Number of protein chains: 2
Amino acid sequence: MIQDSSAPRKRRGGSDPKTETSYQRVTNLLRTEILAGDIPLGGRLTMTAIADRFGVSVQPVREALQQLEGEGLVEMIPNHGARVRQLDRNRLVHSSEIGEALECYLARQFAEEASLSSLRQLEALQVEHDAAIEAMDWARIDAANRIFHRFINTHGGNVEAADLIARYYGLSEGLMNKHGRDKAFAERVRAEHHALLEAFRRRDPEAAARINAEHVRGTVAAVLAAYEATKR
Amino acid sequence: MIQDSSAPRKRRGGSDPKTETSYQRVTNLLRTEILAGDIPLGGRLTMTAIADRFGVSVQPVREALQQLEGEGLVEMIPNHGARVRQLDRNRLVHSSEIGEALECYLARQFAEEASLSSLRQLEALQVEHDAAIEAMDWARIDAANRIFHRFINTHGGNVEAADLIARYYGLSEGLMNKHGRDKAFAERVRAEHHALLEAFRRRDPEAAARINAEHVRGTVAAVLAAYEATKR
DNA sequence: TGTTGACACATTTGATACGATCTTGCATCG
DNA sequence: CGATGCAAGATCGTATCAAATGTGTCAACA
């Protein structure tokens with residue numbers, strides 16, 4: 001079996017969106033719907049229905065579901081169909097552990113390597129977060145929170161790790177959106193963000209990692225409470 | 001093109017009640033081939049060739065490739081084809097960072113929570129590793145090394161994290177297998193394993209995490225050397 | 001004579017339709 | 001009340017066609 005190891009020919013001059021293939025479109029649409037919580041956890045995903053809804057054939061839908069299974073978002077049972085992957089208590093804890101390990105590592109890295117201008121940018125992002133909390137606009141709060149953490153996580157250039165974190169938190173975020181949160185929770189998040197910023201200013205990696213760990217654990221505790229609440 | 005009718009068309013029915021679907025079989029076979037390094041990094045994966053090789057149609061192959069893309073092992077370019085995902089220098093570093101963050105977390109957890117019998121089991125596994133190094137049998141060494149680390153990683157029950165680590169290290173392992181390793185490397189790994197065991201015995205989470213971090217960094221340095229060697 | 005451009009062919013991927021198989025829900029019968 | 005069989009619906013796999021990309025050849029031109 002001969003493998004083609006020729007040099008990668010110049011592909012795609014510049015940003016060439018051209019036409020998106022059907023399975024790509026279906027994949028992206030389904031992923032956003034799942035992460036937004038539009039489709040409930042454990043909800044069935046019948047191929048014919050999805051194909052009908054998006055106006056494509058069944059095969060692109062199958063390929064999209066396969067890819068999403070590879071990403072860990074859906075679960076496919078042979079000859080039975082696809083479901084949005086369940087988030088039982090164990091998986092929730094395990095996902096948060098993965099997120100904690102990765103985020104602490106990246107926060108430590110940020111504390112060690114971030115330039116002063118990066119720190120200033122992060123502080124600016126937190127200003128928006130504070131304002132959103134002041135207005136108690138949960139959509140704004142969540143968006144600002146995501147941007148804040150993603151800025152830290154992608155600073156070292158490791159987008160793979162940042163994507164992993166986003167993927168493992170995405171499902172539980174949808175769960176939080178369903179169940180309400182209160183002002184006390186928002187205030188605690190705010191305080192932790194400021195403590196994190198203070199650790200960055202002092203260039204204290206250990207403190208940054210510790211604060212981030214507490215931040216994750218507090219958040220997952222809230223998610224668990226929301227989860228238990230939906231159980232009944 | 002007429003299909004060969006002598007091929008086993010009907011594998012349904014009869015002897016095997018729990019039949020694996022075609023796309024599952026193709027997915028598993030391709031995954032093991034890629035992780036074993038049988039297909040070189042960046043090697044093209046033409047659907048028709050794979051379909052012909054496994055005696056199935058093109059669609060199951062497409063679904064298998066989609067799933068492997070979701071897992072991060074394969075890269076698909078629209079209208080252009082699928083390739084085994086490249087491991088450039090950046091991605092290698094990023095993968096090792098992910099592995100380091102996760103493994104350190106799990107090692108710390110092991111040091112905190114492992115029972116005495118678990119520690120005894122781990123010591124027994126290291127005896128096999130030592131013996132393999134004594135014999136300088138690289139297949140045995142690698143197998144023992146994998147088992148040793150997997151025992152630590154899965155001890156807390158977080159198989160998702162352990163699978164992530166295995167996935168991100170799998171590709172670079174194939175790279176190491178191609179390029180040779182020397183006895184000094186094996187001896188250093190052995191020493192680090194024993195240091196890790198000692199930290200576990202002392203129930204010292206910080207030391208365990210630190211030793212594991214050094215272990216990962218040393219290994220990735222060796223992989224990087226191998227990588228640079230294959231570049232020419 | 002060497003380079004460049006365009007056209008046509010071959011190969012590969014993308015998508016659809018159709019048949020076969022499996023699961024499931026429901027009714028019927030023992 | 002439990003087991004069996006039938007029918008409806010969904011999934012799995014193949015064949016086939018359409019679209020896009022890469023390659024090779026040939027001719028025109030400096």
# chains A, B, ... in the order shown; residues from 1 in each chain; ligands from 1

$ calpha_fit_rmsd --fixed "chain B" --moving "chain A"
7.6 Å

$ interface_residues --of "chain B" --to "chain C" --cutoff "9 Å" --atoms "only C-alpha atoms (C1' of nucleotides)" --output "JSON, numbers by chain"
{"B": [12, 46, 47, 48, 78, 79, 80, 81]}

$ write_last_selection --atoms "N, CA, C and O atoms" --output "PDB file, in the first residue's frame"
ATOM      1  N   ARG B  12     -24.707 -10.904   8.151  1.00  0.00           N
ATOM      2  CA  ARG B  12     -25.782 -10.849   9.154  1.00  0.00           C
ATOM      3  C   ARG B  12     -26.276 -12.258   9.399  1.00  0.00           C
ATOM      4  O   ARG B  12     -26.077 -13.141   8.615  1.00  0.00           O
ATOM      5  N   THR B  46      -7.735   7.306   1.233  1.00  0.00           N
ATOM      6  CA  THR B  46      -8.738   7.337   0.168  1.00  0.00           C
ATOM      7  C   THR B  46      -9.849   6.359   0.496  1.00  0.00           C
ATOM      8  O   THR B  46      -9.596   5.199   0.831  1.00  0.00           O
ATOM      9  N   MET B  47     -11.055   6.849   0.374  1.00  0.00           N
ATOM     10  CA  MET B  47     -12.202   6.058   0.816  1.00  0.00           C
ATOM     11  C   MET B  47     -12.352   4.780   0.005  1.00  0.00           C
ATOM     12  O   MET B  47     -12.617   3.718   0.555  1.00  0.00           O
ATOM     13  N   THR B  48     -12.214   4.906  -1.302  1.00  0.00           N
ATOM     14  CA  THR B  48     -12.410   3.719  -2.138  1.00  0.00           C
ATOM     15  C   THR B  48     -11.388   2.644  -1.800  1.00  0.00           C
ATOM     16  O   THR B  48     -11.718   1.452  -1.752  1.00  0.00           O
ATOM     17  N   PRO B  78     -12.783  19.220   2.734  1.00  0.00           N
ATOM     18  CA  PRO B  78     -13.911  19.018   1.809  1.00  0.00           C
ATOM     19  C   PRO B  78     -13.460  18.866   0.355  1.00  0.00           C
ATOM     20  O   PRO B  78     -12.610  19.618  -0.108  1.00  0.00           O
ATOM     21  N   ASN B  79     -14.022  17.915  -0.268  1.00  0.00           N
ATOM     22  CA  ASN B  79     -13.734  17.655  -1.684  1.00  0.00           C
ATOM     23  C   ASN B  79     -12.272  17.334  -1.943  1.00  0.00           C
ATOM     24  O   ASN B  79     -11.822  17.402  -3.074  1.00  0.00           O
ATOM     25  N   HIS B  80     -11.562  17.040  -0.911  1.00  0.00           N
ATOM     26  CA  HIS B  80     -10.138  16.810  -1.089  1.00  0.00           C
ATOM     27  C   HIS B  80      -9.704  15.491  -0.460  1.00  0.00           C
ATOM     28  O   HIS B  80      -8.766  14.858  -0.942  1.00  0.00           O
ATOM     29  N   GLY B  81     -10.338  15.092   0.604  1.00  0.00           N
ATOM     30  CA  GLY B  81     -10.012  13.800   1.164  1.00  0.00           C
ATOM     31  C   GLY B  81      -9.637  13.837   2.622  1.00  0.00           C
ATOM     32  O   GLY B  81      -9.642  14.883   3.262  1.00  0.00           O
TER      33      GLY B  81
END

$ closest_atom_pairs --of "chain B" --to "chain A" --cutoff "9 Å" --atoms "only C-alpha atoms" --output "tab-separated table"
residue	atom	partner	partner_atom	distance
B:Glu20	CA	A:Pro78	CA	8.0
B:Thr21	CA	A:Pro78	CA	6.9
B:Gln24	CA	A:Pro78	CA	8.8
B:Ile39	CA	A:Gln3	CA	7.9
B:Pro40	CA	A:Gln3	CA	7.8
B:Leu41	CA	A:Ser5	CA	8.8
B:Gly42	CA	A:Ser5	CA	6.9
B:Gly43	CA	A:Gln3	CA	5.7
B:Arg44	CA	A:Asp4	CA	5.9
B:Leu45	CA	A:Gln3	CA	8.4
B:Gln59	CA	A:Gln59	CA	8.2
B:Arg62	CA	A:Glu63	CA	7.2
B:Glu63	CA	A:Glu63	CA	5.2
B:Ala64	CA	A:Gln66	CA	7.4
B:Leu65	CA	A:Gln67	CA	8.3
B:Gln66	CA	A:Gln67	CA	4.8
B:Gln67	CA	A:Gln67	CA	4.2
B:Leu68	CA	A:Gly70	CA	6.3
B:Glu69	CA	A:Gln67	CA	6.6
B:Gly70	CA	A:Gly70	CA	4.2
B:Glu71	CA	A:Gly70	CA	4.8
B:Gly72	CA	A:Gly70	CA	8.2
B:Pro78	CA	A:Thr21	CA	7.0
B:Asn79	CA	A:Thr21	CA	8.7
B:Asn90	CA	A:Asn158	CA	8.5
B:Arg91	CA	A:Asn158	CA	8.3
B:Val93	CA	A:Asn158	CA	8.7
B:His94	CA	A:Asn158	CA	5.6
B:Ser95	CA	A:Glu160	CA	7.9
B:Glu97	CA	A:Ala161	CA	8.3
B:Ile98	CA	A:Ala161	CA	6.3
B:Glu100	CA	A:Tyr105	CA	8.7
B:Ala101	CA	A:Ala101	CA	5.6
B:Leu102	CA	A:Ala101	CA	5.6
B:Glu103	CA	A:Ala101	CA	8.7
B:Cys104	CA	A:Ala101	CA	8.1
B:Tyr105	CA	A:Ala101	CA	5.8
B:Leu106	CA	A:Ala101	CA	8.7
B:Gly157	CA	A:His94	CA	8.3
B:Asn158	CA	A:His94	CA	5.6
B:Val159	CA	A:His94	CA	8.2
B:Glu160	CA	A:His94	CA	7.1
B:Ala161	CA	A:Ile98	CA	6.3

$ write_last_selection --atoms "N, CA and C atoms" --output "short mmCIF file (atom, residue, chain, number, x, y, z; two decimals), in the first residue's frame"
data_model
loop_
_atom_site.label_atom_id
_atom_site.label_comp_id
_atom_site.auth_asym_id
_atom_site.auth_seq_id
_atom_site.Cartn_x
_atom_site.Cartn_y
_atom_site.Cartn_z
N GLU B 20 -21.33 -6.77 15.00
CA GLU B 20 -20.82 -5.42 14.99
C GLU B 20 -21.20 -4.80 13.64
N THR B 21 -21.60 -3.55 13.66
CA THR B 21 -21.93 -2.93 12.38
C THR B 21 -20.64 -2.66 11.60
N GLN B 24 -18.66 0.45 12.58
CA GLN B 24 -17.93 0.27 13.83
C GLN B 24 -16.64 -0.51 13.61
N ILE B 39 -0.17 3.45 9.43
CA ILE B 39 -0.38 4.48 8.42
C ILE B 39 0.39 5.71 8.86
N PRO B 40 1.30 6.21 8.04
CA PRO B 40 2.16 7.31 8.49
C PRO B 40 1.37 8.58 8.73
N LEU B 41 1.92 9.44 9.57
CA LEU B 41 1.28 10.72 9.85
C LEU B 41 1.16 11.51 8.55
N GLY B 42 0.01 12.09 8.34
CA GLY B 42 -0.21 12.86 7.12
C GLY B 42 -0.53 12.00 5.92
N GLY B 43 -0.54 10.68 6.08
CA GLY B 43 -0.82 9.79 4.96
C GLY B 43 -2.26 9.92 4.50
N ARG B 44 -2.45 9.83 3.21
CA ARG B 44 -3.79 9.97 2.67
C ARG B 44 -4.63 8.74 2.97
N LEU B 45 -5.91 8.97 3.17
CA LEU B 45 -6.86 7.88 3.42
C LEU B 45 -7.94 7.97 2.35
N GLN B 59 -19.81 4.16 2.09
CA GLN B 59 -20.50 4.91 3.13
C GLN B 59 -20.03 4.56 4.53
N ARG B 62 -16.88 6.32 5.10
CA ARG B 62 -17.06 7.75 5.34
C ARG B 62 -17.45 8.01 6.79
N GLU B 63 -18.39 7.21 7.29
CA GLU B 63 -18.83 7.42 8.67
C GLU B 63 -17.69 7.16 9.65
N ALA B 64 -16.89 6.14 9.37
CA ALA B 64 -15.75 5.87 10.24
C ALA B 64 -14.79 7.05 10.24
N LEU B 65 -14.52 7.60 9.06
CA LEU B 65 -13.59 8.73 8.99
C LEU B 65 -14.15 9.94 9.72
N GLN B 66 -15.45 10.15 9.59
CA GLN B 66 -16.06 11.28 10.30
C GLN B 66 -15.88 11.13 11.80
N GLN B 67 -16.10 9.91 12.29
CA GLN B 67 -15.96 9.72 13.73
C GLN B 67 -14.51 9.94 14.17
N LEU B 68 -13.59 9.42 13.40
CA LEU B 68 -12.18 9.60 13.75
C LEU B 68 -11.78 11.06 13.67
N GLU B 69 -12.42 11.81 12.77
CA GLU B 69 -12.13 13.24 12.74
C GLU B 69 -12.63 13.89 14.04
N GLY B 70 -13.80 13.46 14.48
CA GLY B 70 -14.31 13.98 15.75
C GLY B 70 -13.38 13.67 16.90
N GLU B 71 -12.71 12.52 16.82
CA GLU B 71 -11.77 12.15 17.88
C GLU B 71 -10.44 12.87 17.75
N GLY B 72 -10.24 13.54 16.61
CA GLY B 72 -9.01 14.29 16.45
C GLY B 72 -7.89 13.50 15.82
N PRO B 78 -12.78 19.22 2.73
CA PRO B 78 -13.91 19.02 1.81
C PRO B 78 -13.46 18.87 0.36
N ASN B 79 -14.02 17.92 -0.27
CA ASN B 79 -13.73 17.65 -1.68
C ASN B 79 -12.27 17.33 -1.94
N ASN B 90 4.16 22.30 17.00
CA ASN B 90 3.22 22.95 17.89
C ASN B 90 2.23 21.97 18.49
N ARG B 91 1.63 21.16 17.61
CA ARG B 91 0.62 20.24 18.09
C ARG B 91 1.21 19.22 19.06
N VAL B 93 3.68 19.76 21.12
CA VAL B 93 3.83 20.45 22.41
C VAL B 93 2.48 20.60 23.09
N HIS B 94 1.48 21.00 22.32
CA HIS B 94 0.17 21.20 22.92
C HIS B 94 -0.42 19.90 23.46
N SER B 95 -0.24 18.83 22.70
CA SER B 95 -0.74 17.55 23.17
C SER B 95 -0.06 17.15 24.47
N GLU B 97 1.16 19.10 26.65
CA GLU B 97 0.68 19.95 27.74
C GLU B 97 -0.64 19.42 28.29
N ILE B 98 -1.51 19.02 27.37
CA ILE B 98 -2.78 18.44 27.81
C ILE B 98 -2.53 17.20 28.65
N GLU B 100 0.16 16.40 30.27
CA GLU B 100 0.81 16.73 31.53
C GLU B 100 -0.22 17.23 32.54
N ALA B 101 -1.08 18.14 32.10
CA ALA B 101 -2.07 18.70 33.02
C ALA B 101 -2.94 17.58 33.59
N LEU B 102 -3.42 16.69 32.72
CA LEU B 102 -4.33 15.65 33.18
C LEU B 102 -3.61 14.63 34.05
N GLU B 103 -2.43 14.20 33.60
CA GLU B 103 -1.74 13.15 34.36
C GLU B 103 -1.29 13.65 35.73
N CYS B 104 -0.87 14.91 35.79
CA CYS B 104 -0.47 15.44 37.09
C CYS B 104 -1.67 15.47 38.03
N TYR B 105 -2.80 15.88 37.51
CA TYR B 105 -4.01 15.91 38.34
C TYR B 105 -4.32 14.51 38.87
N LEU B 106 -4.27 13.52 37.97
CA LEU B 106 -4.64 12.17 38.37
C LEU B 106 -3.59 11.56 39.31
N GLY B 157 -11.41 6.38 38.72
CA GLY B 157 -12.65 6.08 38.02
C GLY B 157 -12.93 6.99 36.84
N ASN B 158 -12.05 7.95 36.60
CA ASN B 158 -12.28 8.89 35.51
C ASN B 158 -11.70 8.33 34.22
N VAL B 159 -12.46 7.41 33.61
CA VAL B 159 -11.95 6.78 32.39
C VAL B 159 -11.90 7.77 31.23
N GLU B 160 -12.77 8.76 31.25
CA GLU B 160 -12.75 9.76 30.18
C GLU B 160 -11.39 10.44 30.12
N ALA B 161 -10.89 10.84 31.27
CA ALA B 161 -9.59 11.50 31.30
C ALA B 161 -8.50 10.56 30.83
#

$ interface_residues --of "chain D" --to "chain B" --cutoff "9 Å" --atoms "only C-alpha atoms (C1' of nucleotides)" --output "list in words"
DC12, DG13, DT14, DA20 and DT21 of chain D

$ atom_distance --atom1 "CA of Arg146 (chain B)" --atom2 "CA of His179 (chain B)"
18.3 Å

$ select_by_dssp --residues "region 26-103 of chain B" --states "strand (DSSP E)" --output "ChimeraX atom specification"
/B:44-45,74-77,81-84

$ atom_distance --atom1 "CA of Arg203 (chain B)" --atom2 "CA of Val216 (chain A)"
24.4 Å

$ atom_distance --atom1 "CA of His194 (chain B)" --atom2 "CA of Ala221 (chain B)"
20.2 Å

$ residues_around --residues "Leu196 (chain B)" --least-positions-apart "4" --cutoff "7 Å" --atoms "only C-alpha atoms (C1' of nucleotides)" --output "short mmCIF file (atom, residue, chain, number, x, y, z; two decimals) with all heavy atoms, in the first residue's frame"
data_model
loop_
_atom_site.label_atom_id
_atom_site.label_comp_id
_atom_site.auth_asym_id
_atom_site.auth_seq_id
_atom_site.Cartn_x
_atom_site.Cartn_y
_atom_site.Cartn_z
N GLU B 192 12.28 7.39 37.27
CA GLU B 192 11.16 8.29 37.55
C GLU B 192 9.96 7.52 38.08
O GLU B 192 9.23 7.99 38.96
CB GLU B 192 10.81 9.08 36.29
CG GLU B 192 11.82 10.18 35.99
CD GLU B 192 11.64 10.77 34.61
OE1 GLU B 192 10.98 10.13 33.76
OE2 GLU B 192 12.16 11.85 34.37
N PHE B 200 4.16 8.23 46.23
CA PHE B 200 2.85 7.65 46.58
C PHE B 200 2.92 7.04 47.98
O PHE B 200 1.99 7.17 48.77
CB PHE B 200 2.45 6.58 45.56
CG PHE B 200 2.05 7.15 44.23
CD1 PHE B 200 2.21 6.41 43.07
CD2 PHE B 200 1.49 8.42 44.12
CE1 PHE B 200 1.84 6.92 41.84
CE2 PHE B 200 1.12 8.93 42.90
CZ PHE B 200 1.30 8.18 41.76
N ALA B 208 4.30 13.96 43.82
CA ALA B 208 3.83 13.09 42.75
C ALA B 208 3.55 13.90 41.49
O ALA B 208 3.96 13.53 40.38
CB ALA B 208 2.57 12.34 43.20
N ILE B 211 6.92 15.14 39.97
CA ILE B 211 7.68 14.09 39.31
C ILE B 211 7.01 13.71 37.99
O ILE B 211 7.66 13.51 36.96
CB ILE B 211 7.79 12.86 40.23
CG1 ILE B 211 8.66 13.19 41.43
CG2 ILE B 211 8.35 11.67 39.49
CD1 ILE B 211 8.57 12.17 42.54
#

$ closest_residue --among "B:Ala166, B:Ile141, B:Ile34, B:Ala225" --to "Arg83 (chain B)" --atoms "only C-alpha atoms"
B:Ile34

$ residues_around --residues "Leu122 (chain A)" --least-positions-apart "3" --cutoff "10 Å" --atoms "only C-alpha atoms (C1' of nucleotides)" --output "NGL selection string"
:A and (116-119 or 125-127 or 147-149 or 151-152 or 197)

$ write_last_selection --atoms "N, CA and C atoms" --output "PDB file, in the first residue's frame"
ATOM      1  N   LEU A 116       2.312  42.330  30.025  1.00  0.00           N
ATOM      2  CA  LEU A 116       1.530  43.341  30.731  1.00  0.00           C
ATOM      3  C   LEU A 116       0.309  43.745  29.906  1.00  0.00           C
ATOM      4  N   SER A 117       0.470  43.840  28.599  1.00  0.00           N
ATOM      5  CA  SER A 117      -0.655  44.257  27.762  1.00  0.00           C
ATOM      6  C   SER A 117      -1.743  43.173  27.772  1.00  0.00           C
ATOM      7  N   SER A 118      -1.339  41.914  27.814  1.00  0.00           N
ATOM      8  CA  SER A 118      -2.334  40.848  27.910  1.00  0.00           C
ATOM      9  C   SER A 118      -3.132  40.990  29.201  1.00  0.00           C
ATOM     10  N   LEU A 119      -2.421  41.277  30.270  1.00  0.00           N
ATOM     11  CA  LEU A 119      -3.099  41.437  31.555  1.00  0.00           C
ATOM     12  C   LEU A 119      -4.086  42.606  31.503  1.00  0.00           C
ATOM     13  N   LEU A 125     -11.709  42.933  29.927  1.00  0.00           N
ATOM     14  CA  LEU A 125     -12.785  41.951  29.770  1.00  0.00           C
ATOM     15  C   LEU A 125     -13.574  41.821  31.068  1.00  0.00           C
ATOM     16  N   GLN A 126     -12.850  41.872  32.182  1.00  0.00           N
ATOM     17  CA  GLN A 126     -13.544  41.731  33.462  1.00  0.00           C
ATOM     18  C   GLN A 126     -14.446  42.932  33.730  1.00  0.00           C
ATOM     19  N   VAL A 127     -14.070  44.115  33.209  1.00  0.00           N
ATOM     20  CA  VAL A 127     -14.931  45.292  33.367  1.00  0.00           C
ATOM     21  C   VAL A 127     -16.309  45.008  32.749  1.00  0.00           C
ATOM     22  N   ILE A 147     -15.803  34.593  27.553  1.00  0.00           N
ATOM     23  CA  ILE A 147     -14.710  35.319  26.897  1.00  0.00           C
ATOM     24  C   ILE A 147     -13.531  35.484  27.858  1.00  0.00           C
ATOM     25  N   PHE A 148     -13.848  35.791  29.104  1.00  0.00           N
ATOM     26  CA  PHE A 148     -12.798  35.968  30.109  1.00  0.00           C
ATOM     27  C   PHE A 148     -11.939  34.714  30.220  1.00  0.00           C
ATOM     28  N   HIS A 149     -12.600  33.574  30.419  1.00  0.00           N
ATOM     29  CA  HIS A 149     -11.833  32.345  30.603  1.00  0.00           C
ATOM     30  C   HIS A 149     -11.144  31.920  29.318  1.00  0.00           C
ATOM     31  N   PHE A 151      -9.955  33.772  27.070  1.00  0.00           N
ATOM     32  CA  PHE A 151      -8.767  34.601  26.871  1.00  0.00           C
ATOM     33  C   PHE A 151      -7.579  34.018  27.639  1.00  0.00           C
ATOM     34  N   ILE A 152      -7.841  33.605  28.866  1.00  0.00           N
ATOM     35  CA  ILE A 152      -6.765  32.979  29.649  1.00  0.00           C
ATOM     36  C   ILE A 152      -6.334  31.667  28.997  1.00  0.00           C
ATOM     37  N   LEU A 197      -7.310  37.830  38.910  1.00  0.00           N
ATOM     38  CA  LEU A 197      -6.568  38.947  38.325  1.00  0.00           C
ATOM     39  C   LEU A 197      -5.458  39.413  39.262  1.00  0.00           C
TER      40      LEU A 197
END

$ select_by_dssp --residues "region 81-131 of chain B" --states "helix (DSSP H, G or I)" --output "ChimeraX atom specification"
/B:89-113,116-131

$ write_last_selection --atoms "N, CA and C atoms" --output "CSV table (one decimal), in the first residue's frame"
chain,number,residue,atom,x,y,z
B,89,ARG,N,5.3,20.5,15.2
B,89,ARG,CA,5.9,20.7,16.5
B,89,ARG,C,4.9,21.3,17.5
B,90,ASN,N,4.2,22.3,17.0
B,90,ASN,CA,3.2,23.0,17.9
B,90,ASN,C,2.2,22.0,18.5
B,91,ARG,N,1.6,21.2,17.6
B,91,ARG,CA,0.6,20.2,18.1
B,91,ARG,C,1.2,19.2,19.1
B,92,LEU,N,2.4,18.8,18.8
B,92,LEU,CA,3.1,17.9,19.7
B,92,LEU,C,3.2,18.5,21.1
B,93,VAL,N,3.7,19.8,21.1
B,93,VAL,CA,3.8,20.4,22.4
B,93,VAL,C,2.5,20.6,23.1
B,94,HIS,N,1.5,21.0,22.3
B,94,HIS,CA,0.2,21.2,22.9
B,94,HIS,C,-0.4,19.9,23.5
B,95,SER,N,-0.2,18.8,22.7
B,95,SER,CA,-0.7,17.5,23.2
B,95,SER,C,-0.1,17.2,24.5
B,96,SER,N,1.2,17.4,24.5
B,96,SER,CA,2.0,17.0,25.7
B,96,SER,C,1.5,17.8,26.9
B,97,GLU,N,1.2,19.1,26.6
B,97,GLU,CA,0.7,20.0,27.7
B,97,GLU,C,-0.6,19.4,28.3
B,98,ILE,N,-1.5,19.0,27.4
B,98,ILE,CA,-2.8,18.4,27.8
B,98,ILE,C,-2.5,17.2,28.7
B,99,GLY,N,-1.6,16.3,28.1
B,99,GLY,CA,-1.3,15.1,28.9
B,99,GLY,C,-0.7,15.4,30.2
B,100,GLU,N,0.2,16.4,30.3
B,100,GLU,CA,0.8,16.7,31.5
B,100,GLU,C,-0.2,17.2,32.5
B,101,ALA,N,-1.1,18.1,32.1
B,101,ALA,CA,-2.1,18.7,33.0
B,101,ALA,C,-2.9,17.6,33.6
B,102,LEU,N,-3.4,16.7,32.7
B,102,LEU,CA,-4.3,15.7,33.2
B,102,LEU,C,-3.6,14.6,34.1
B,103,GLU,N,-2.4,14.2,33.6
B,103,GLU,CA,-1.7,13.2,34.4
B,103,GLU,C,-1.3,13.6,35.7
B,104,CYS,N,-0.9,14.9,35.8
B,104,CYS,CA,-0.5,15.4,37.1
B,104,CYS,C,-1.7,15.5,38.0
B,105,TYR,N,-2.8,15.9,37.5
B,105,TYR,CA,-4.0,15.9,38.3
B,105,TYR,C,-4.3,14.5,38.9
B,106,LEU,N,-4.3,13.5,38.0
B,106,LEU,CA,-4.6,12.2,38.4
B,106,LEU,C,-3.6,11.6,39.3
B,107,ALA,N,-2.3,11.9,39.1
B,107,ALA,CA,-1.3,11.4,40.0
B,107,ALA,C,-1.5,12.0,41.4
B,108,ARG,N,-1.8,13.3,41.4
B,108,ARG,CA,-2.1,13.9,42.7
B,108,ARG,C,-3.2,13.2,43.4
B,109,GLN,N,-4.3,12.9,42.6
B,109,GLN,CA,-5.4,12.3,43.2
B,109,GLN,C,-5.1,10.9,43.7
B,110,PHE,N,-4.2,10.2,43.0
B,110,PHE,CA,-3.8,8.8,43.4
B,110,PHE,C,-3.1,8.9,44.7
B,111,ALA,N,-2.2,9.9,44.8
B,111,ALA,CA,-1.4,10.0,46.0
B,111,ALA,C,-2.3,10.3,47.2
B,112,GLU,N,-3.4,11.0,47.0
B,112,GLU,CA,-4.3,11.3,48.1
B,112,GLU,C,-5.2,10.2,48.5
B,113,GLU,N,-5.6,9.4,47.5
B,113,GLU,CA,-6.8,8.5,47.8
B,113,GLU,C,-6.5,7.1,47.7
B,116,LEU,N,-3.9,1.0,50.2
B,116,LEU,CA,-2.6,0.3,50.3
B,116,LEU,C,-2.5,-0.8,49.3
B,117,SER,N,-3.6,-1.5,49.1
B,117,SER,CA,-3.6,-2.6,48.1
B,117,SER,C,-3.4,-2.1,46.7
B,118,SER,N,-4.0,-0.9,46.4
B,118,SER,CA,-3.8,-0.3,45.1
B,118,SER,C,-2.3,0.0,44.9
B,119,LEU,N,-1.7,0.5,45.9
B,119,LEU,CA,-0.3,0.8,45.8
B,119,LEU,C,0.6,-0.4,45.6
B,120,ARG,N,0.2,-1.5,46.3
B,120,ARG,CA,0.9,-2.8,46.1
B,120,ARG,C,0.7,-3.3,44.7
B,121,GLN,N,-0.5,-3.1,44.1
B,121,GLN,CA,-0.7,-3.6,42.7
B,121,GLN,C,0.2,-2.8,41.8
B,122,LEU,N,0.3,-1.5,42.1
B,122,LEU,CA,1.1,-0.6,41.2
B,122,LEU,C,2.6,-1.0,41.3
B,123,GLU,N,3.0,-1.4,42.5
B,123,GLU,CA,4.4,-1.8,42.6
B,123,GLU,C,4.6,-3.1,41.9
B,124,ALA,N,3.6,-4.0,41.9
B,124,ALA,CA,3.8,-5.2,41.1
B,124,ALA,C,3.9,-4.9,39.6
B,125,LEU,N,3.2,-3.9,39.2
B,125,LEU,CA,3.3,-3.6,37.7
B,125,LEU,C,4.7,-3.1,37.4
B,126,GLN,N,5.2,-2.3,38.4
B,126,GLN,CA,6.6,-1.8,38.1
B,126,GLN,C,7.6,-2.9,38.1
B,127,VAL,N,7.4,-4.0,38.8
B,127,VAL,CA,8.3,-5.1,38.8
B,127,VAL,C,8.4,-5.6,37.3
B,128,GLU,N,7.2,-5.7,36.7
B,128,GLU,CA,7.2,-6.2,35.3
B,128,GLU,C,8.0,-5.2,34.4
B,129,HIS,N,7.8,-3.9,34.7
B,129,HIS,CA,8.5,-2.9,33.9
B,129,HIS,C,10.0,-3.0,34.0
B,130,ASP,N,10.4,-3.2,35.3
B,130,ASP,CA,11.8,-3.4,35.5
B,130,ASP,C,12.4,-4.6,34.8
B,131,ALA,N,11.6,-5.7,34.8
B,131,ALA,CA,12.1,-6.9,34.2
B,131,ALA,C,12.2,-6.7,32.7
